[in-house]
Amino acid sequence: MEKSNNSSEINLIFKYAFKDLSRNYKKIISIIITLFISLFILSAIFTIEDSLKKELNDNAKALLGGDLEIDYNRNEGNLELVTKVKEFATISQMIEFSTMVATINRDKNKSLFTRIKTVDEKYPLYGTVEYEPEGAFDRMQNEPNTVLINESLSKTLNLKINEQIKVQDKLFTVIGIVKSVPDVSGFVAFGDWALAGKQTLEILKLNGIGSFLNYEYKVKFNENDDEQEIEERIENIFKDDQKVKLRYPENSASGLKRIINNFSQFLSLVSISAMLIAGIGVANTLLSFINQNNMSIAVRKAVGFYSGDIKILYYLQLLILLFVVTTLAYGSSFLIVPFVDRYLSDGLGLNVLPVFSIINFIKIFLIGLLVLIIFSIFYQYFQLLTLLRFF
Amino acid sequence: MSILLKLKKVNLKYQTGKDTIKVLNNIDLITKKKETISIVGESGSGKTSLIMLIGGLEQATSGKIFFQDHEITKLNEDEVSAIRKKNIGIIFQSFYLIPNYTAVENVALTLELNKFKNPEKEAKLLLDRFGLKHRFNNLPSQLSGGEQQRVAIARSIAMKPELILADEPTGNLDTENSLMISDILFNYVKEEGSSLIMVTHDPKLANKAKRKIKIKDGKIK
């Protein structure tokens with residue numbers, strides 16, 4: 001007796017699988033649409049997540065605000081040690097605090113809890129601050145009682161440029177609107193915030209105790225220095241300081257990454273749930289697909305096809321279909337990224353581009369396969385068996 | 001003439017819930033090579049089931065079926081398929097052509113399965129022989145009943161099988177087409193020396209066969 005699975009028979013099965021699919025596309029259009037929608041949502045989530053993460057990694061230094069960050073959190077820190085670092089690197093000091101900001105001279109004044117970041121003239125060490133009008137950032141550094149507010153704060157309190165606000169009983173003038181700052185990882189990415197010059201702390205008479213100030217020193221290495229060597233040098237300087245926390249570019253945007261991870265996991269869960277529900281529809285469509293093809297199954301059996309080959313032919317068609325739909329869905333997901341870049345990352349100052357990942361493609365294919373296995377293959381197997389037994 | 005087919009005490013039963021339906025009852029039959037046989041009987045008497053058993057498309061509940069030297073009741077499904085692929089051509093009343101394949105592709109299917117070098121060319125020669133040159137690339141839905149049955153016959157004889165099984169080959173055709181199909185079938189078996197076992201309700205067609213078998217209530221009378 002002949003062996004059923006020699007290479008020519010496999011070629012024949014492939015040939016007929018492609019031929020049957022191309023001739024039956026009208027019958028399987030509903031399967032294609034259902035699978036495509038489910039896999040497209042999943043692909044879009046994976047692609048956006050990867051694209052955002054790549055952008056975050058590519059801009060790690062800008063997001064951190066330096067080659068290294070010396071974070072003293074709620075205390076000013078050991079300035080002697082910081083001064084030692086200044087001998088071989090550039091340091092920009094920034095202090096953040098949260099306070100109430102209120103409008104004045106209105107019928108009904110409004111106030112808002114706002115995060116204020118005071119920066120020195122070296123800020124930013126990497127990237128750029130986008131603001132308007134021109135020159136506002138330099139004015140903020142040189143003129144006391146001036147602030148730049150972000151767009152969200154401007155909208156919430158309906159503040160205009162040159163309007164005065166009250167910060168802890170002191171009057172400040174809004175001299176510009178900040179569109180984005182590069183170091184969003186250590187600072188707030190969303191919500192209401194403002195930038196102010198370093199003199200603001202003296203004006204507000206804030207000190208470390210009870211003011212909940214957050215002290216950070218961003219470090220930029222000299223161009224020709226060996227990064228690893230400088231990092232080790234700084235680590236040595238601070239090795240006995242228990243209060244300091246050194247952060248590196250690879251750990252930058254960890255908060256953002258966590259948000260992206262959580263969000264994408266949530267969306268993936270929703271998408272997979274949707275796919276499982278859609279799977280019932282896919283199963284019914286496949287069942288009707290088999291019933292419509294019972295003639296072909298009978299003919300193949302009658303002319304001498306092996307039952308196993310007929311089953312393989314059917315499952316191969318499903319796999320080809322899944323592969324094509326996965327490719328289409330994954331490819332189409334790249335079209336979503338420019339929208340994300342436009343609407344989601346404007347505030348973060350990121351430039352998100354689509355990233356191809358073979359692992360993501362395989363993941364999406366396998367999830368699609370899982371749905372087909374759960375809802376279709378086992379279910380349809382018995383239908384096929386019945387048909388094959390009948391003829 | 002040597003023996004082509006031998007059935008020994010073949011039974012076929014179906015179980016529907018608690019009921020057992022006896023379709024074929026202790027069938028004994030011997031056919032020789034190049035023999036033409038017609039099987040007649042009332043609807044539901046078991047004629048089609050007998051053809052399906054011989055073609056290996058049904059499994060006997062008990063008994064033995066021999067095709068040439070093979071006891072097909074002992075073989076597994078794939079082994080029976082291998083015998084059918086090369087030695088048995090089956091013609092159905094409802095033609096059973098693959099709806100999305102052209103006439104040529106339907107015939108070439110058998111040839112391709114048997115690893116013919118140029119299956120489409122061979123298929124065209126066969127269809128041409130049956131007057132279907134102008135229908136090579138038509139789908140079954142674009143063919144008349146007679147044309148569809150001619151394509152089905154071309155497919156079943158493509159491998160020059162030892163045995164042709166025909167289940168009411170003219171059952172769905174008008175008188176003119178029935179005559180044409182029966183002529184094609186009987187001329188072919190005469191020319192090629194194949195055997196023919198044919199189920200039919202048409203007495204004229206049945207009388208064309210050298211041997212006539214009557215089945216009643218699952219038994220050969």
# chains A, B, ... in the order shown; residues from 1 in each chain; ligands from 1
call {"tool": "interface_residues", "arguments": {"of": "chain B", "to": "chain A", "cutoff": "9 Å", "atoms": "only C-alpha atoms", "output": "ChimeraX atom specification"}}
result
/B:52,55-58,77-86,88-90,96-101,109-110,112-113,115,155-156
call {"tool": "write_last_selection", "arguments": {"atoms": "N, CA, C and O atoms", "output": "short mmCIF file (atom, residue, chain, number, x, y, z; two decimals), in the first residue's frame"}}
result
data_model
loop_
_atom_site.label_atom_id
_atom_site.label_comp_id
_atom_site.auth_asym_id
_atom_site.auth_seq_id
_atom_site.Cartn_x
_atom_site.Cartn_y
_atom_site.Cartn_z
N MET B 52 -22.15 1.32 -2.66
CA MET B 52 -21.25 2.05 -1.75
C MET B 52 -20.32 1.08 -1.00
O MET B 52 -19.16 1.38 -0.76
N GLY B 55 -17.70 -0.07 -3.43
CA GLY B 55 -16.73 1.00 -3.67
C GLY B 55 -15.92 1.39 -2.44
O GLY B 55 -15.04 2.25 -2.51
N GLY B 56 -16.23 0.78 -1.30
CA GLY B 56 -15.48 1.08 -0.08
C GLY B 56 -15.87 2.40 0.55
O GLY B 56 -15.17 2.91 1.43
N LEU B 57 -17.01 2.96 0.13
CA LEU B 57 -17.46 4.22 0.74
C LEU B 57 -18.33 3.96 1.97
O LEU B 57 -18.66 4.87 2.71
N GLU B 58 -18.72 2.72 2.14
CA GLU B 58 -19.45 2.29 3.35
C GLU B 58 -18.72 1.07 3.91
O GLU B 58 -18.04 0.37 3.15
N GLU B 77 -9.09 2.40 6.12
CA GLU B 77 -9.73 3.37 5.23
C GLU B 77 -8.77 3.85 4.14
O GLU B 77 -9.15 3.98 2.97
N ASP B 78 -7.52 4.12 4.52
CA ASP B 78 -6.54 4.62 3.55
C ASP B 78 -6.20 3.57 2.50
O ASP B 78 -6.02 3.88 1.33
N GLU B 79 -6.13 2.31 2.94
CA GLU B 79 -5.81 1.23 2.00
C GLU B 79 -6.96 1.03 1.01
O GLU B 79 -6.71 0.81 -0.18
N VAL B 80 -8.18 1.17 1.49
CA VAL B 80 -9.34 1.06 0.60
C VAL B 80 -9.33 2.23 -0.39
O VAL B 80 -9.58 2.05 -1.59
N SER B 81 -8.99 3.45 0.13
CA SER B 81 -8.91 4.64 -0.75
C SER B 81 -7.89 4.42 -1.86
O SER B 81 -8.11 4.81 -3.00
N ALA B 82 -6.76 3.78 -1.51
CA ALA B 82 -5.70 3.55 -2.50
C ALA B 82 -6.19 2.61 -3.61
O ALA B 82 -5.89 2.81 -4.78
N ILE B 83 -6.97 1.61 -3.22
CA ILE B 83 -7.52 0.68 -4.23
C ILE B 83 -8.55 1.42 -5.10
O ILE B 83 -8.54 1.32 -6.33
N ARG B 84 -9.41 2.18 -4.46
CA ARG B 84 -10.47 2.90 -5.18
C ARG B 84 -9.87 3.89 -6.18
O ARG B 84 -10.32 4.02 -7.30
N LYS B 85 -8.80 4.59 -5.71
CA LYS B 85 -8.15 5.61 -6.52
C LYS B 85 -7.72 5.07 -7.88
O LYS B 85 -7.86 5.73 -8.90
N LYS B 86 -7.21 3.84 -7.90
CA LYS B 86 -6.64 3.29 -9.13
C LYS B 86 -7.59 2.37 -9.89
O LYS B 86 -7.50 2.27 -11.11
N ILE B 88 -11.29 1.78 -9.20
CA ILE B 88 -12.75 1.91 -9.20
C ILE B 88 -13.17 3.34 -9.58
O ILE B 88 -12.69 4.31 -8.98
N GLY B 89 -14.05 3.44 -10.55
CA GLY B 89 -14.62 4.74 -10.92
C GLY B 89 -16.07 4.77 -10.47
O GLY B 89 -16.80 3.79 -10.67
N ILE B 90 -16.46 5.87 -9.85
CA ILE B 90 -17.85 5.92 -9.34
C ILE B 90 -18.61 7.05 -10.03
O ILE B 90 -18.11 8.18 -10.13
N TYR B 96 -22.28 14.94 -8.81
CA TYR B 96 -21.23 15.23 -7.81
C TYR B 96 -19.96 15.80 -8.43
O TYR B 96 -18.87 15.27 -8.28
N LEU B 97 -20.12 16.91 -9.10
CA LEU B 97 -18.94 17.62 -9.60
C LEU B 97 -18.63 18.72 -8.59
O LEU B 97 -19.54 19.27 -7.97
N ILE B 98 -17.34 19.04 -8.44
CA ILE B 98 -16.99 20.11 -7.50
C ILE B 98 -17.45 21.44 -8.11
O ILE B 98 -17.03 21.79 -9.21
N PRO B 99 -18.34 22.15 -7.41
CA PRO B 99 -18.99 23.31 -8.03
C PRO B 99 -18.05 24.43 -8.47
O PRO B 99 -18.33 25.12 -9.43
N ASN B 100 -16.92 24.58 -7.75
CA ASN B 100 -16.03 25.70 -8.08
C ASN B 100 -14.91 25.33 -9.06
O ASN B 100 -14.03 26.14 -9.31
N TYR B 101 -14.93 24.10 -9.53
CA TYR B 101 -13.92 23.66 -10.48
C TYR B 101 -14.53 23.59 -11.89
O TYR B 101 -15.69 23.21 -12.04
N LEU B 109 -8.71 16.24 -11.51
CA LEU B 109 -8.58 15.92 -10.08
C LEU B 109 -8.14 14.47 -9.87
O LEU B 109 -7.19 14.19 -9.12
N THR B 110 -8.82 13.55 -10.57
CA THR B 110 -8.49 12.12 -10.44
C THR B 110 -7.08 11.84 -10.97
O THR B 110 -6.31 11.10 -10.35
N GLU B 112 -4.60 13.92 -11.38
CA GLU B 112 -3.57 14.57 -10.55
C GLU B 112 -3.29 13.73 -9.30
O GLU B 112 -2.16 13.57 -8.87
N LEU B 113 -4.37 13.21 -8.75
CA LEU B 113 -4.25 12.37 -7.55
C LEU B 113 -3.43 11.12 -7.85
O LEU B 113 -2.72 10.61 -6.99
N LYS B 115 -1.00 11.08 -9.93
CA LYS B 115 0.33 11.56 -10.33
C LYS B 115 0.58 11.51 -11.83
O LYS B 115 1.67 11.17 -12.28
N ARG B 155 -14.54 11.76 -15.55
CA ARG B 155 -13.75 11.71 -14.32
C ARG B 155 -13.62 10.28 -13.81
O ARG B 155 -12.54 9.85 -13.38
N SER B 156 -14.70 9.52 -13.89
CA SER B 156 -14.67 8.17 -13.30
C SER B 156 -13.85 7.19 -14.16
O SER B 156 -13.31 6.23 -13.63
#
call {"tool": "residues_around", "arguments": {"residues": "stretch 176-179 of chain A", "least_positions_apart": "2", "cutoff": "6 Å", "atoms": "only C-alpha atoms", "output": "count of residues only"}}
result
10
call {"tool": "residues_around", "arguments": {"residues": "B:Phe95", "least_positions_apart": "3", "cutoff": "8 Å", "atoms": "only C-alpha atoms", "output": "PyMOL selection string"}}
result
chain B and resi 91-92+148-149+152+169
call {"tool": "select_by_dssp", "arguments": {"residues": "stretch 80-296 of chain A", "states": "helix (DSSP H, G or I)", "output": "ChimeraX atom specification"}}
result
/A:80-86,136-142,151-156,200-203,227-237,249-251,254-292,294-296
call {"tool": "write_last_selection", "arguments": {"atoms": "C-alpha atoms", "output": "compact mmCIF listing (two decimals), in the first residue's frame"}}
result
# COMPACT_ATOMS: atom_id res chain seq x y z
CA GLU A 80 29.31 68.72 48.78
CA LEU A 81 28.96 65.48 46.89
CA VAL A 82 26.96 67.19 44.15
CA THR A 83 29.69 69.82 43.84
CA LYS A 84 32.24 67.00 43.36
CA VAL A 85 30.26 65.79 40.35
CA LYS A 86 30.20 69.35 38.96
CA ALA A 136 9.21 83.40 27.29
CA PHE A 137 11.53 80.73 28.66
CA ASP A 138 14.48 83.16 29.03
CA ARG A 139 12.18 85.75 30.64
CA MET A 140 11.06 83.12 33.15
CA GLN A 141 14.71 82.49 34.11
CA ASN A 142 15.58 86.16 34.51
CA GLU A 151 -1.96 73.88 28.14
CA SER A 152 -4.09 71.86 30.50
CA LEU A 153 -3.72 74.40 33.34
CA SER A 154 -4.36 77.21 30.90
CA LYS A 155 -7.61 75.59 29.79
CA THR A 156 -8.78 74.55 33.25
CA THR A 200 10.78 81.14 42.81
CA LEU A 201 11.74 79.06 45.86
CA GLU A 202 13.22 82.14 47.55
CA ILE A 203 10.21 84.25 46.60
CA GLU A 227 29.99 56.94 30.04
CA GLN A 228 30.60 53.80 32.04
CA GLU A 229 33.68 55.24 33.71
CA ILE A 230 31.85 58.44 34.69
CA GLU A 231 28.90 56.46 36.00
CA GLU A 232 31.23 54.40 38.18
CA ARG A 233 32.91 57.57 39.40
CA ILE A 234 29.59 59.09 40.41
CA GLU A 235 28.50 55.84 42.06
CA ASN A 236 31.72 55.94 44.09
CA ILE A 237 31.07 59.51 45.18
CA PRO A 249 18.48 56.36 31.08
CA GLU A 250 17.52 52.69 30.85
CA ASN A 251 15.27 53.19 33.89
CA SER A 254 9.58 53.54 33.96
CA GLY A 255 6.34 55.14 35.14
CA LEU A 256 5.20 55.79 31.60
CA LYS A 257 6.17 52.30 30.56
CA ARG A 258 4.16 50.93 33.47
CA ILE A 259 1.12 52.96 32.39
CA ILE A 260 1.53 51.76 28.80
CA ASN A 261 1.93 48.15 29.96
CA ASN A 262 -1.13 48.27 32.19
CA PHE A 263 -3.20 49.95 29.53
CA SER A 264 -2.14 47.54 26.79
CA GLN A 265 -2.73 44.53 29.05
CA PHE A 266 -6.21 45.79 29.79
CA LEU A 267 -6.94 46.39 26.10
CA SER A 268 -5.46 43.01 25.14
CA LEU A 269 -7.75 41.34 27.64
CA VAL A 270 -10.74 43.18 26.22
CA SER A 271 -9.66 42.29 22.70
CA ILE A 272 -9.11 38.59 23.49
CA SER A 273 -12.50 38.46 25.25
CA ALA A 274 -14.05 40.00 22.15
CA MET A 275 -12.28 37.39 20.04
CA LEU A 276 -13.60 34.56 22.17
CA ILE A 277 -17.12 35.91 21.75
CA ALA A 278 -16.53 36.36 18.04
CA GLY A 279 -15.23 32.77 18.00
CA ILE A 280 -18.78 31.47 18.38
CA GLY A 281 -19.68 33.34 15.21
CA VAL A 282 -16.56 32.02 13.48
CA ALA A 283 -17.47 28.46 14.54
CA ASN A 284 -20.96 28.74 13.04
CA THR A 285 -19.63 30.23 9.83
CA LEU A 286 -17.05 27.46 9.52
CA LEU A 287 -19.73 24.87 10.14
CA SER A 288 -21.79 26.27 7.30
CA PHE A 289 -18.57 26.41 5.22
CA ILE A 290 -18.10 22.66 5.72
CA ASN A 291 -21.75 21.97 4.96
CA GLN A 292 -21.49 23.98 1.76
CA ASN A 294 -19.90 18.53 1.57
CA MET A 295 -20.13 17.96 -2.20
CA SER A 296 -16.38 18.53 -2.61
call {"tool": "residues_around", "arguments": {"residues": "B:Lys219", "least_positions_apart": "3", "cutoff": "8 Å", "atoms": "only C-alpha atoms", "output": "mmCIF file with C-alpha atoms, in the first residue's frame"}}
result
data_model
loop_
_atom_site.group_PDB
_atom_site.id
_atom_site.type_symbol
_atom_site.label_atom_id
_atom_site.label_comp_id
_atom_site.auth_asym_id
_atom_site.auth_seq_id
_atom_site.Cartn_x
_atom_site.Cartn_y
_atom_site.Cartn_z
ATOM 1 C CA LEU B 24 -28.397 -5.514 3.337
ATOM 2 C CA ASN B 25 -28.979 -9.061 4.478
ATOM 3 C CA ASN B 26 -26.497 -11.917 3.835
ATOM 4 C CA ILE B 27 -25.487 -10.797 0.358
ATOM 5 C CA ILE B 215 -32.695 -6.695 -4.753
ATOM 6 C CA LYS B 216 -35.676 -6.758 -2.452
#
call {"tool": "select_by_dssp", "arguments": {"residues": "stretch 8-136 of chain B", "states": "strand (DSSP E or B)", "output": "PyMOL selection string"}}
result
chain B and resi 8-16+19-32+36-41+62-67+70-71+88-91
call {"tool": "write_last_selection", "arguments": {"atoms": "C-alpha atoms", "output": "CSV table (one decimal), in the first residue's frame"}}
result
chain,number,residue,atom,x,y,z
B,8,LYS,CA,-19.6,-13.4,1.2
B,9,LYS,CA,-22.5,-13.1,3.6
B,10,VAL,CA,-22.3,-9.3,3.7
B,11,ASN,CA,-24.6,-7.5,6.1
B,12,LEU,CA,-25.2,-3.8,6.5
B,13,LYS,CA,-27.1,-2.5,9.5
B,14,TYR,CA,-27.7,1.0,10.8
B,15,GLN,CA,-28.4,1.8,14.4
B,16,THR,CA,-30.9,4.6,15.0
B,19,ASP,CA,-33.8,0.5,16.4
B,20,THR,CA,-31.6,-1.5,14.1
B,21,ILE,CA,-32.3,-1.1,10.4
B,22,LYS,CA,-31.2,-4.0,8.2
B,23,VAL,CA,-30.1,-2.5,4.9
B,24,LEU,CA,-28.4,-5.5,3.3
B,25,ASN,CA,-29.0,-9.1,4.5
B,26,ASN,CA,-26.5,-11.9,3.8
B,27,ILE,CA,-25.5,-10.8,0.4
B,28,ASP,CA,-23.5,-13.3,-1.7
B,29,LEU,CA,-22.3,-12.1,-5.0
B,30,ILE,CA,-19.5,-13.0,-7.5
B,31,THR,CA,-18.7,-10.9,-10.5
B,32,LYS,CA,-16.2,-11.6,-13.2
B,36,THR,CA,-21.8,-5.7,-17.0
B,37,ILE,CA,-24.3,-6.0,-14.3
B,38,SER,CA,-27.5,-4.0,-13.5
B,39,ILE,CA,-29.0,-3.9,-10.1
B,40,VAL,CA,-32.7,-3.2,-9.9
B,41,GLY,CA,-35.2,-3.0,-7.2
B,62,SER,CA,-20.3,-8.2,8.8
B,63,GLY,CA,-19.2,-10.5,6.0
B,64,LYS,CA,-16.3,-10.3,3.5
B,65,ILE,CA,-15.8,-8.4,0.4
B,66,PHE,CA,-12.9,-9.2,-2.0
B,67,PHE,CA,-11.8,-7.0,-4.8
B,70,HIS,CA,-7.7,-7.8,-1.7
B,71,GLU,CA,-10.1,-8.5,1.1
B,88,ILE,CA,-12.8,1.9,-9.2
B,89,GLY,CA,-14.6,4.7,-10.9
B,90,ILE,CA,-17.8,5.9,-9.3
B,91,ILE,CA,-20.7,7.7,-11.1
call {"tool": "atom_distance", "arguments": {"atom1": "atom CA of A:Thr118", "atom2": "atom CA of A:Ile95"}}
result
5.3 Å
call {"tool": "closest_residue", "arguments": {"among": "B:Asn87, B:Gln68, B:Ser49, B:Gln142", "to": "B:Asp217", "atoms": "only C-alpha atoms"}}
result
B:Ser49
